[in-house]
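The data block below is protein-v1.cif; it holds mmCIF, C-alpha atoms and all ligand atoms.
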data_query
#
loop_
_atom_site.label_atom_id
_atom_site.label_comp_id
_atom_site.auth_asym_id
_atom_site.auth_seq_id
_atom_site.Cartn_x
_atom_site.Cartn_y
_atom_site.Cartn_z
CA MET B 1 64.64 156.50 -20.35
CA LYS B 2 62.10 154.37 -18.52
CA CYS B 3 59.69 155.90 -15.98
CA GLU B 4 61.04 153.70 -13.17
CA LYS B 5 64.60 154.89 -13.76
CA VAL B 6 63.44 158.50 -14.08
CA LYS B 7 61.61 158.36 -10.74
CA GLU B 8 64.64 156.84 -9.05
CA LEU B 9 66.89 159.60 -10.38
CA VAL B 10 64.35 162.27 -9.47
CA LEU B 11 64.38 161.01 -5.87
CA THR B 12 68.16 161.07 -5.68
CA ASP B 13 70.73 162.48 -8.10
CA TYR B 14 68.38 164.87 -9.84
CA VAL B 15 67.13 166.75 -6.75
CA ASP B 16 70.62 166.59 -5.25
CA GLY B 17 72.29 168.11 -8.30
CA GLN B 18 74.52 165.09 -8.82
CA LEU B 19 73.62 164.42 -12.48
CA GLU B 20 75.96 165.23 -15.31
CA MET B 21 74.70 167.76 -17.85
CA ALA B 22 73.87 165.25 -20.58
CA GLU B 23 71.98 162.92 -18.28
CA LYS B 24 70.12 165.81 -16.68
CA ALA B 25 69.05 167.03 -20.14
CA ARG B 26 67.76 163.56 -21.08
CA LEU B 27 65.80 163.32 -17.82
CA GLU B 28 64.22 166.75 -18.25
CA GLU B 29 63.27 165.81 -21.78
CA HIS B 30 61.33 162.86 -20.33
CA LEU B 31 59.60 165.05 -17.73
CA LYS B 32 58.30 167.31 -20.50
CA THR B 33 56.58 164.43 -22.27
CA CYS B 34 55.51 162.18 -19.34
CA ALA B 35 52.71 163.59 -17.14
CA GLY B 36 53.14 160.93 -14.43
CA CYS B 37 56.87 161.55 -13.98
CA HIS B 38 56.30 165.31 -14.18
CA GLU B 39 53.76 165.17 -11.35
CA PHE B 40 56.05 162.93 -9.29
CA ALA B 41 58.96 165.37 -9.71
CA GLN B 42 56.75 168.27 -8.65
CA SER B 43 55.58 166.54 -5.48
CA VAL B 44 59.17 165.58 -4.57
CA GLU B 45 60.21 169.19 -4.99
CA LYS B 46 57.27 170.44 -2.92
CA GLU B 47 57.31 167.84 -0.13
CA LEU B 48 60.96 166.89 0.19
CA VAL B 49 63.19 169.63 -1.15
CA ALA B 50 61.56 173.00 -0.41
CA PRO B 51 60.79 172.42 3.32
CA PHE B 52 64.37 171.36 4.06
CA ALA B 53 65.94 174.07 1.91
CA GLY B 54 64.05 176.85 3.73
CA LEU B 55 64.77 175.49 7.19
CA GLU B 56 66.48 177.96 9.50
CA ARG B 57 69.84 176.91 10.87
CA PRO B 58 70.05 178.50 14.33
CA GLU B 59 73.25 180.06 15.71
CA VAL B 60 75.06 178.23 18.47
CA PRO B 61 74.31 179.76 21.91
CA PRO B 62 77.46 181.54 23.24
CA VAL B 63 77.50 179.43 26.43
CA VAL B 64 78.68 176.44 24.36
CA TRP B 65 82.06 178.02 23.55
CA GLN B 66 82.43 179.23 27.16
CA ASN B 67 81.95 175.65 28.37
CA ILE B 68 84.40 174.27 25.82
CA ARG B 69 87.00 176.89 26.75
CA THR B 70 86.65 176.09 30.43
CA ALA B 71 87.11 172.40 29.63
CA ILE B 72 90.22 172.77 27.46
CA VAL B 73 92.13 175.57 29.25
CA PRO B 74 93.64 174.16 32.46
CA GLU B 75 95.51 177.36 33.42
CA GLU B 76 92.23 179.11 34.07
CA GLU B 77 92.13 177.33 37.45
CA PRO B 78 94.70 179.60 39.21
CA LYS B 79 92.77 182.56 37.84
CA GLN B 80 89.81 181.26 39.74
CA ALA B 81 91.95 181.13 42.89
CA TRP B 82 92.87 184.77 42.30
CA THR B 83 89.25 185.75 41.90
CA ALA B 84 88.62 184.10 45.26
CA VAL B 85 91.30 186.32 46.84
CA ILE B 86 89.90 189.40 45.13
CA ARG B 87 86.42 188.48 46.31
CA PHE B 88 87.74 188.15 49.87
CA LEU B 89 89.35 191.60 49.65
CA GLU B 90 86.10 193.03 48.34
CA TYR B 91 84.35 191.41 51.28
CA LEU B 92 86.79 193.15 53.62
CA LYS B 93 86.10 196.41 51.83
CA SER B 94 82.42 195.97 52.58
CA LEU B 95 83.37 195.74 56.26
CA ARG B 96 85.24 199.08 56.06
CA PRO B 97 83.12 201.02 58.62
CA ALA B 98 83.61 198.26 61.20
CA LEU B 99 87.35 198.17 60.46
CA LEU B 100 87.62 201.95 60.82
CA ILE B 101 85.98 201.78 64.24
CA LEU B 102 88.29 198.94 65.27
CA ALA B 103 91.36 200.86 64.03
CA GLY B 104 90.16 203.94 65.95
CA VAL B 105 89.78 201.95 69.17
CA VAL B 106 93.26 200.45 68.78
CA PHE B 107 94.75 203.91 68.09
CA VAL B 108 93.12 205.50 71.16
CA PHE B 109 94.31 202.58 73.32
CA MET B 110 97.88 202.97 72.08
CA LEU B 111 97.83 206.73 72.69
CA SER B 112 96.52 206.27 76.22
CA THR B 113 99.28 203.78 77.14
CA LEU B 114 101.89 206.13 75.67
CA PHE B 115 100.85 209.03 77.92
CA THR B 116 100.16 207.15 81.17
CA LYS B 117 103.24 204.92 81.17
CA PRO B 118 106.63 206.68 81.84
CA ALA B 119 109.76 205.45 80.10
CA GLY B 120 111.94 202.89 81.88
CA THR B 121 111.52 199.53 83.58
CA PRO B 122 108.97 199.08 86.41
CA GLU B 123 111.79 198.92 89.08
CA GLN B 124 113.28 202.18 87.93
CA ILE B 125 109.91 203.82 88.02
CA ALA B 126 109.07 202.51 91.45
CA GLN B 127 112.37 203.22 93.19
CA PRO B 128 112.75 207.00 93.30
CA PRO B 129 109.57 207.71 95.30
CA VAL B 130 110.39 204.88 97.74
CA VAL B 131 113.92 206.14 98.23
CA GLN B 132 112.66 209.68 98.67
CA GLN B 133 110.20 208.41 101.25
CA GLN B 134 113.02 206.58 103.07
CA LEU B 135 115.10 209.70 102.95
CA ALA B 136 112.27 211.76 104.31
CA VAL B 137 111.86 209.43 107.27
CA GLN B 138 115.49 208.59 108.04
CA GLU B 139 117.35 211.79 107.16
CA SER B 140 116.93 215.46 107.71
CA PRO B 141 115.67 217.59 104.79
CA SER B 142 119.14 219.20 104.52
CA SER B 143 120.78 215.83 103.85
CA THR B 144 118.70 215.49 100.73
CA ASP B 145 120.14 218.79 99.46
CA GLU B 146 123.60 217.71 100.58
CA LEU B 147 123.10 214.42 98.77
CA THR B 148 122.11 216.15 95.62
CA VAL B 149 125.05 218.48 95.80
CA GLU B 150 127.42 215.58 96.51
CA THR B 151 126.08 213.65 93.61
CA TYR B 152 126.33 216.66 91.40
CA LEU B 153 129.93 217.31 92.40
CA ALA B 154 130.84 213.68 91.85
CA SER B 155 129.26 213.72 88.50
CA LEU B 156 131.31 216.72 87.47
CA ASP B 157 134.45 214.57 87.50
CA ASP B 158 132.88 211.98 85.28
CA ASP B 159 132.53 211.97 81.55
CA TYR B 160 129.45 213.14 79.94
CA ASP B 161 128.53 209.50 79.25
CA ASP B 162 128.51 208.74 82.96
CA VAL B 163 126.23 211.64 83.65
CA TYR B 164 124.04 210.34 80.93
CA ASP B 165 124.17 206.83 82.48
CA LEU B 166 123.29 208.23 85.88
CA ALA B 167 120.33 209.99 84.45
CA GLU B 168 119.39 206.84 82.59
CA ASN B 169 119.62 204.56 85.60
CA GLY B 170 117.84 206.99 87.86
CA TYR B 171 118.97 208.66 91.02
CA GLY B 172 117.61 205.88 93.20
CA THR B 173 120.42 203.51 92.42
CA ALA B 174 123.03 206.19 92.84
CA ILE B 175 121.62 207.19 96.24
CA GLU B 176 121.58 203.58 97.45
CA GLU B 177 125.18 203.12 96.33
CA TYR B 178 126.11 206.29 98.10
CA PHE B 179 124.73 205.07 101.44
CA LEU B 180 126.27 201.63 101.08
CA MET P 1 81.17 175.99 5.25
CA GLN P 2 84.52 177.61 4.52
CA GLU P 3 87.75 175.63 4.57
CA ILE P 4 90.00 176.80 7.37
CA GLU P 5 93.64 177.76 6.72
CA ARG P 6 96.20 175.08 7.34
CA GLU P 7 98.31 177.46 9.44
CA ILE P 8 95.40 177.98 11.86
CA LEU P 9 94.79 174.22 12.02
CA GLU P 10 98.44 173.62 12.86
CA ARG P 11 98.39 176.21 15.64
CA ALA P 12 95.16 174.75 17.01
CA ALA P 13 96.68 171.26 16.90
CA ALA P 14 99.63 172.60 18.93
CA GLY P 15 97.20 173.72 21.63
CA ASP P 16 96.76 177.40 20.71
CA VAL P 17 93.33 178.25 22.15
CA ASN P 18 92.86 181.37 19.98
CA ALA P 19 93.46 179.32 16.84
CA PHE P 20 91.10 176.69 18.18
CA GLU P 21 88.45 179.37 18.64
CA GLU P 22 88.81 180.16 14.92
CA VAL P 23 88.22 176.49 14.16
CA TYR P 24 85.19 176.57 16.43
CA LYS P 25 83.79 179.66 14.67
CA ALA P 26 84.15 177.98 11.29
CA TYR P 27 82.54 174.65 12.17
CA SER P 28 80.35 175.06 15.25
CA ARG P 29 77.21 175.99 13.38
CA PHE P 30 77.44 172.86 11.26
CA VAL P 31 78.05 170.68 14.32
CA TYR P 32 75.22 172.27 16.30
CA ASN P 33 72.66 172.04 13.51
CA VAL P 34 73.47 168.44 12.65
CA ALA P 35 73.17 167.54 16.34
CA LEU P 36 69.93 169.54 16.59
CA ARG P 37 68.30 167.60 13.71
CA MET P 38 69.73 164.25 14.73
CA CYS P 39 68.79 164.50 18.42
CA ARG P 40 65.85 166.89 17.97
CA ASN P 41 66.55 168.71 21.22
CA ASN P 42 68.23 172.04 21.84
CA GLU P 43 70.01 171.19 25.10
CA ILE P 44 71.27 167.84 23.87
CA ALA P 45 72.52 169.53 20.68
CA GLN P 46 74.53 171.95 22.85
CA ASP P 47 76.00 169.04 24.80
CA VAL P 48 76.89 167.23 21.57
CA THR P 49 78.54 170.38 20.20
CA GLN P 50 80.65 170.66 23.36
CA ASP P 51 81.61 166.99 23.22
CA VAL P 52 82.55 167.21 19.53
CA PHE P 53 84.92 170.16 20.03
CA ILE P 54 86.49 168.76 23.16
CA THR P 55 87.09 165.52 21.21
CA VAL P 56 88.57 167.48 18.29
CA TYR P 57 90.87 169.35 20.70
CA ASP P 58 91.96 166.21 22.52
CA LYS P 59 92.54 164.17 19.35
CA PHE P 60 94.08 166.89 17.21
CA ASP P 61 97.43 165.06 17.32
CA LYS P 62 95.76 162.03 15.70
CA PHE P 63 94.45 164.10 12.79
CA ARG P 64 96.54 163.54 9.67
CA PHE P 65 96.94 166.75 7.75
CA GLU P 66 96.84 164.94 4.38
CA SER P 67 93.15 164.21 4.86
CA SER P 68 90.39 166.79 4.98
CA PHE P 69 89.83 168.39 8.37
CA LYS P 70 86.24 169.10 7.33
CA THR P 71 85.55 165.42 6.74
CA TRP P 72 87.12 164.57 10.10
CA VAL P 73 84.78 167.05 11.85
CA TYR P 74 81.77 165.67 9.91
CA ARG P 75 82.63 162.17 11.09
CA ILE P 76 83.10 163.12 14.76
CA THR P 77 79.85 165.10 14.66
CA VAL P 78 77.84 162.22 13.21
CA ASN P 79 79.39 159.65 15.56
CA THR P 80 78.86 161.80 18.64
CA SER P 81 75.24 162.52 17.65
CA ILE P 82 74.48 158.85 17.01
CA ASN P 83 76.17 157.74 20.25
CA THR P 84 74.18 160.33 22.15
CA LEU P 85 70.98 159.11 20.48
CA LYS P 86 71.80 155.52 21.41
CA LYS P 87 72.60 156.45 24.99
CA GLY P 88 69.18 156.19 26.26
CA SER P 89 65.56 156.37 26.90
CA LYS P 90 65.87 159.47 29.06
CA MET P 91 66.61 161.36 25.89
CA ARG P 92 63.31 160.24 24.41
CA ASP P 93 61.62 162.07 27.27
CA LYS P 94 63.63 165.19 26.55
CA SER P 95 63.15 165.17 22.77
CA VAL P 96 60.23 166.66 20.87
CA SER P 97 60.59 169.92 22.78
CA PHE P 98 60.25 171.87 19.57
CA ASP P 99 59.07 175.00 21.32
CA ASP P 100 62.41 175.53 23.03
CA GLN P 101 64.41 175.39 19.87
CA TYR P 102 63.63 178.71 18.28
CA ASP P 103 63.59 181.06 21.23
CA TYR P 104 67.25 181.90 20.93
CA GLY P 105 67.95 185.36 19.50
CA GLN P 106 64.62 185.85 17.82
CA ALA P 107 62.74 188.00 20.28
CA ALA P 108 62.54 190.94 17.88
CA ASP P 109 61.08 188.90 15.01
CA SER P 110 57.57 189.41 13.87
CA MET P 111 55.23 186.74 15.21
CA PRO P 112 53.77 185.27 12.00
CA GLU P 113 57.25 184.73 10.58
CA LYS P 114 58.39 183.14 13.81
CA ILE P 115 55.40 180.84 13.97
CA GLN P 116 55.91 179.84 10.36
CA ARG P 117 59.55 178.99 11.04
CA GLU P 118 58.66 177.04 14.14
CA GLU P 119 55.98 175.11 12.31
CA GLN P 120 58.40 174.30 9.54
CA ALA P 121 61.09 173.14 11.98
CA ALA P 122 58.53 171.06 13.86
CA LEU P 123 57.39 169.43 10.61
CA ILE P 124 60.98 168.60 9.61
CA ASP P 125 61.68 167.13 13.03
CA ARG P 126 58.53 165.01 12.81
CA LEU P 127 59.43 163.76 9.37
CA LEU P 128 63.01 162.93 10.39
CA GLY P 129 61.60 161.09 13.38
CA TYR P 130 60.07 158.51 11.02
CA LEU P 131 63.46 157.58 9.60
CA ASN P 132 66.03 155.18 11.00
CA THR P 133 69.35 156.63 12.15
CA ASP P 134 71.23 155.86 8.90
CA GLN P 135 68.56 157.43 6.73
CA ARG P 136 68.19 160.42 9.01
CA THR P 137 71.95 161.03 9.02
CA CYS P 138 72.06 161.10 5.23
CA MET P 139 69.00 163.34 4.98
CA VAL P 140 70.41 165.86 7.49
CA LEU P 141 73.85 165.98 5.83
CA ARG P 142 72.39 166.24 2.33
CA ASN P 143 69.15 168.21 2.62
CA ILE P 144 69.95 170.52 5.51
CA GLU P 145 73.74 170.88 5.43
CA GLY P 146 74.13 170.49 1.68
CA LEU P 147 76.98 167.95 1.63
CA SER P 148 77.63 166.13 -1.66
CA TYR P 149 77.26 162.34 -1.96
CA GLU P 150 81.03 162.08 -1.98
CA GLU P 151 81.43 164.10 1.22
CA ILE P 152 78.77 162.05 2.99
CA ALA P 153 80.41 158.80 1.81
CA GLU P 154 83.78 159.94 3.18
CA ALA P 155 82.35 161.15 6.48
CA LEU P 156 80.42 157.93 7.10
CA LYS P 157 83.06 155.66 5.49
CA ILE P 158 80.47 154.06 3.20
CA PRO P 159 80.28 153.71 -0.63
CA ILE P 160 78.57 156.48 -2.60
CA ASN P 161 75.95 153.99 -3.78
CA THR P 162 75.01 153.32 -0.15
CA VAL P 163 74.52 157.05 0.37
CA ARG P 164 72.30 157.12 -2.71
CA SER P 165 70.19 154.13 -1.66
CA ARG P 166 69.74 155.44 1.90
CA LEU P 167 68.53 158.78 0.54
CA LYS P 168 66.20 157.03 -1.90
CA ARG P 169 64.61 154.89 0.81
CA ALA P 170 64.37 157.82 3.20
CA ARG P 171 62.59 159.94 0.62
CA GLU P 172 60.25 157.17 -0.48
CA LYS P 173 59.27 156.75 3.15
CA LEU P 174 58.77 160.48 3.65
CA LEU P 175 56.61 160.76 0.51
CA GLN P 176 54.50 157.88 1.74
CA ILE P 177 54.10 159.52 5.16
CA ARG P 178 53.19 162.85 3.60
CA ASN P 179 50.54 161.14 1.50
CA GLU P 180 49.11 158.80 4.12
CA VAL P 181 49.82 159.93 7.68
CA ILE P 182 49.85 163.72 7.68
CA PRO P 183 48.33 164.78 4.34
CA ASN P 184 46.12 167.57 5.69
CA GLU P 185 48.19 168.90 8.56
CA VAL P 186 50.41 171.44 6.90
ZN ZN A 1 57.68 158.75 -17.02
#
With the file now loaded, output its structure as structure tokens.
Amino acid sequence: MKCEKVKELVLTDYVDGQLEMAEKARLEEHLKTCAGCHEFAQSVEKELVAPFAGLERPEVPPVVWQNIRTAIVPEEEPKQAWTAVIRFLEYLKSLRPALLILAGVVFVFMLSTLFTKPAGTPEQIAQPPVVQQQLAVQESPSSTDELTVETYLASLDDDYDDVYDLAENGYGTAIEEYFL
Amino acid sequence: MQEIEREILERAAAGDVNAFEEVYKAYSRFVYNVALRMCRNNEIAQDVTQDVFITVYDKFDKFRFESSFKTWVYRITVNTSINTLKKGSKMRDKSVSFDDQYDYGQAADSMPEKIQREEQAALIDRLLGYLNTDQRTCMVLRNIEGLSYEEIAEALKIPINTVRSRLKRAREKLLQIRNEVIPNEV
């Protein structure tokens, strides 16, 4: 084996482990007897093989897979919409004291309207005092009693439902009808 | 790098993300490290890794199961790295940021060891920087990733003799540089 061929093989197939057994044996035989080729092989090993072989191969940073996953999984988009809703709810939660105060104010307002406002329509509410006033001016006090008695007696002939209706509609209407 | 089961490949090809994650786990370190040595920049290597796997996912239906999946990934990795390298001068500004490359996950290491590793990585990156893209590709695949001549030839779609001659010229150049340009540095 000539030195030129040996050096070429040392630079390529020999250091890369691509030589067949027989050829490798012949080459190593040459290296034992030729100082120049031996020195060349040593420097190739030291300068070109060892530094690369000992080189650290770093791990891939985890963010790379996260980015790939985001790019290839389209159904993750609605999930993001959901997280927006959840975030909004969490934002509302953070406003809880303010909401409690608001709810309290609304509750107190509703209670106050419930107790100050009697049942029935505005006309029905307004009429009885007016009628009573009219009665007080136009009639004697006894006629009011008489009226009440009359109404009561009349109601006795009616069904329970009518009594109920009378009560529902208020005495004002009944009194007006009576005088008409 | 281990060969991945055909059943997992088929599920990944059908769009199963969990199966695809298995594929990623098996090949991502190869992809990332090739990109890191080709582009010599940590951030760009991450971008290349992302691009490679998104390409693999998108083109899975074009992969023929008779051929080697590994070779297909090698080829996409090399092509994406080279295309990224070609893309522009702005990358030249970003490259040679050796300091950034070894911060990841090594905080607990002892300092002398870390410095030694960083110096070694910096030296390798400098040496590879003297080579043209073809030579560098062969050196990275052979010396760092340990691919055989045959695997490199298949990945690059070139004859084995071309792989051999590129490695020979690359190494002759590197020996010359070690003797002439930076003999006393390391
Ligand atoms: Zn010789």
* Test item: residues no farther than 7 Å from ligand ZN 1 (chain A), counting all atoms listed in the file, as a PyMOL selection string -> chain B and resi 2-3+6+30-31+34-37
* At most 6 Å to chain B: residues in chain P, all atoms listed in the file, as a list of chain:residue names ->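 Output check: P:Arg29, P:Gln50, P:Asn143, P:Ile144, P:Lys168.
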* Asked: Using all atoms listed in the file, which of the listed residues (B:Lys7, B:Arg96, B:Arg87, B:Ser112) sits closest to Glu39 in chain B?
  -> B:Lys7
* To do: Identify, on the basis of all atoms listed in the file, every residue whose closest approach to Ile160 in chain P does not exceed 7 Å; exclude the query and any residue fewer than 6 positions from it along the same chain; express the result as a list of chain:residue names.
  =>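 The residues that qualify are P:Tyr149, P:Glu150, P:Ala153.
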* **Neighbour list for range 132-134 of chain P as number ranges by chain, cut-off 9 Å, all atoms listed in the file, skip fewer than 6 positions in-chain** => P: 38, 82, 85, 166, 170
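The space separating CA of Arg142 in chain P from CA of Lys46 in chain B comes to 16.5 Å.
Atom to atom, CA of Tyr74 in chain P and CA of Val31 in chain P stand 7.6 Å apart.
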Please report, as lines of an AutoDock Vina configuration file, the centre and edge lengths in Å to one decimal of an axis-aligned box covering all listed atoms of range 116-120 of chain P with 5 Å per side.
center_x = 57.7
center_y = 177.1
center_z = 11.8
size_x = 13.6
size_y = 15.5
size_z = 14.6
